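Peer 1: Handing you this structure, nothing more for now.
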Amino acid sequence: MIFIIVIGGMLFARFLTYTGLITNISDWMLGLELGPYMYLAAFAVLYLILGMFLEPIAIMVMTLPVMFPILVGVGFDPIWLGVISVKLAEISLLTPPVGLNVYVVRSSSPIPLTLEEAFAGVTPFVVIDVVTLLLLIAFPAISLYLPSLMSY
């Protein structure tokens, strides 16, 4: 199933590239002349909303071909953007109604849990993930230190 999603996403990205739609969308979005962090906030909100209904791999495959050139175009580092995307995907795995990790924990728990109890149990982890995300946004060097040590 994951391979079908990835292959479909690659075909979708290739279709968008060949038709020039990515360029048109990027030009239009960059023409709005918002601040870089407004674009990042829109990206985060998009991920969190889509994460309520879709798997993270499907979200990345569908959104990154369009959003990546926009966010790199406003000045964000591609490696940092990848870290932020993965962190947003992790948060989306814990948010209702589809929080896949919550369903896994609930089904593997030796104690019978209601769905409400399971989602209440992961709330501190969502808060910690959001704080971590904010730290990564405020201090990009946290996620860029190790890659900066690599030689290209």
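We label chains A, B, ... in the order they appear in the structure tokens, count residues from 1 in each chain, and number ligands from 1 in the order shown.
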Skip range 90-104 of chain A itself and residues of its chain fewer than 2 positions away, then list as a list in words all residues within 6 Å of it, counting only C-alpha atoms.
Peer 2: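 Once the nearby chain positions are removed, what remains is Leu48, Gly51, Met52, Phe53, Lys87, Leu88, Arg106 and Ser107 of chain A.
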Peer 1: Need to verify the contact set: Val61 in chain A, 8 Å, only C-alpha atoms, exclusion of same-chain residues closer than 2 positions in sequence. Can you return it as a list of chain:residue names?
Peer 2: A:Ile5, A:Val6, A:Gly9, A:Met10, A:Ala13, A:Ile57, A:Ala58, A:Ile59, A:Thr63, A:Leu64, A:Pro65
Peer 1: Could you save the residues just selected, with N, CA and C atoms, as a CSV table (one decimal), in the first residue's frame?
Peer 2:
chain,number,residue,atom,x,y,z
A,5,ILE,N,1.1,4.4,-2.8
A,5,ILE,CA,1.1,5.8,-2.5
A,5,ILE,C,2.3,6.5,-3.0
A,6,VAL,N,3.5,6.0,-2.8
A,6,VAL,CA,4.7,6.6,-3.2
A,6,VAL,C,4.7,6.7,-4.7
A,9,GLY,N,2.3,9.3,-5.9
A,9,GLY,CA,2.8,10.6,-5.6
A,9,GLY,C,3.9,11.0,-6.5
A,10,MET,N,4.8,10.1,-6.9
A,10,MET,CA,5.8,10.4,-7.9
A,10,MET,C,5.2,10.8,-9.2
A,13,ALA,N,3.7,14.2,-8.9
A,13,ALA,CA,4.7,15.2,-8.9
A,13,ALA,C,5.2,15.4,-10.3
A,57,ILE,N,3.2,9.9,4.9
A,57,ILE,CA,3.9,9.6,3.6
A,57,ILE,C,3.0,10.2,2.5
A,58,ALA,N,1.7,10.0,2.5
A,58,ALA,CA,0.9,10.5,1.5
A,58,ALA,C,0.9,12.0,1.5
A,59,ILE,N,0.9,12.6,2.7
A,59,ILE,CA,0.9,14.1,2.8
A,59,ILE,C,2.2,14.6,2.2
A,63,THR,N,2.3,17.1,-1.0
A,63,THR,CA,2.5,18.6,-0.8
A,63,THR,C,3.9,19.0,-1.1
A,64,LEU,N,4.9,18.2,-0.9
A,64,LEU,CA,6.3,18.7,-1.0
A,64,LEU,C,6.6,19.1,-2.5
A,65,PRO,N,6.1,18.5,-3.5
A,65,PRO,CA,6.4,19.0,-4.8
A,65,PRO,C,6.0,20.4,-5.1
Peer 1: With only C-alpha atoms as the counted atoms, please give the residues lying no more than 12 Å from Gly31 in chain A, apart from itself and same-chain residues fewer than 5 positions off, as an mmCIF file with C-alpha atoms, in the first residue's frame.
Peer 2:
data_model
loop_
_atom_site.group_PDB
_atom_site.id
_atom_site.type_symbol
_atom_site.label_atom_id
_atom_site.label_comp_id
_atom_site.auth_asym_id
_atom_site.auth_seq_id
_atom_site.Cartn_x
_atom_site.Cartn_y
_atom_site.Cartn_z
ATOM 1 C CA THR A 23 5.947 26.808 -11.485
ATOM 2 C CA ASN A 24 2.644 28.636 -11.817
ATOM 3 C CA ILE A 25 1.622 27.903 -8.223
ATOM 4 C CA SER A 26 5.082 28.851 -6.922
ATOM 5 C CA TYR A 39 4.663 30.705 4.229
ATOM 6 C CA ILE A 70 8.071 27.939 -2.522
ATOM 7 C CA GLY A 73 12.405 30.297 -2.775
ATOM 8 C CA VAL A 74 11.706 32.445 0.286
#
Peer 1: Could you please write out, as a PyMOL selection string, every residue of chain A that DSSP assigns to helix (DSSP H, G or I)?
Peer 2: chain A and resi 2-19+21-31+36-51+56-73+78-92+100-108+115-138+141-149
Peer 1: Fewer than 3 positions away in the same chain doesn't count, so skip those; otherwise give me all residues within 10 Å of Leu40 in chain A, counting only C-alpha atoms, as number ranges by chain.
Peer 2: A: 35-37, 43-46, 67, 70-71, 74, 76, 81, 84, 137
Peer 1: CA of Ala89 in chain A and CA of Leu50 in chain A, how far apart in Å?
Peer 2: 9.6 Å
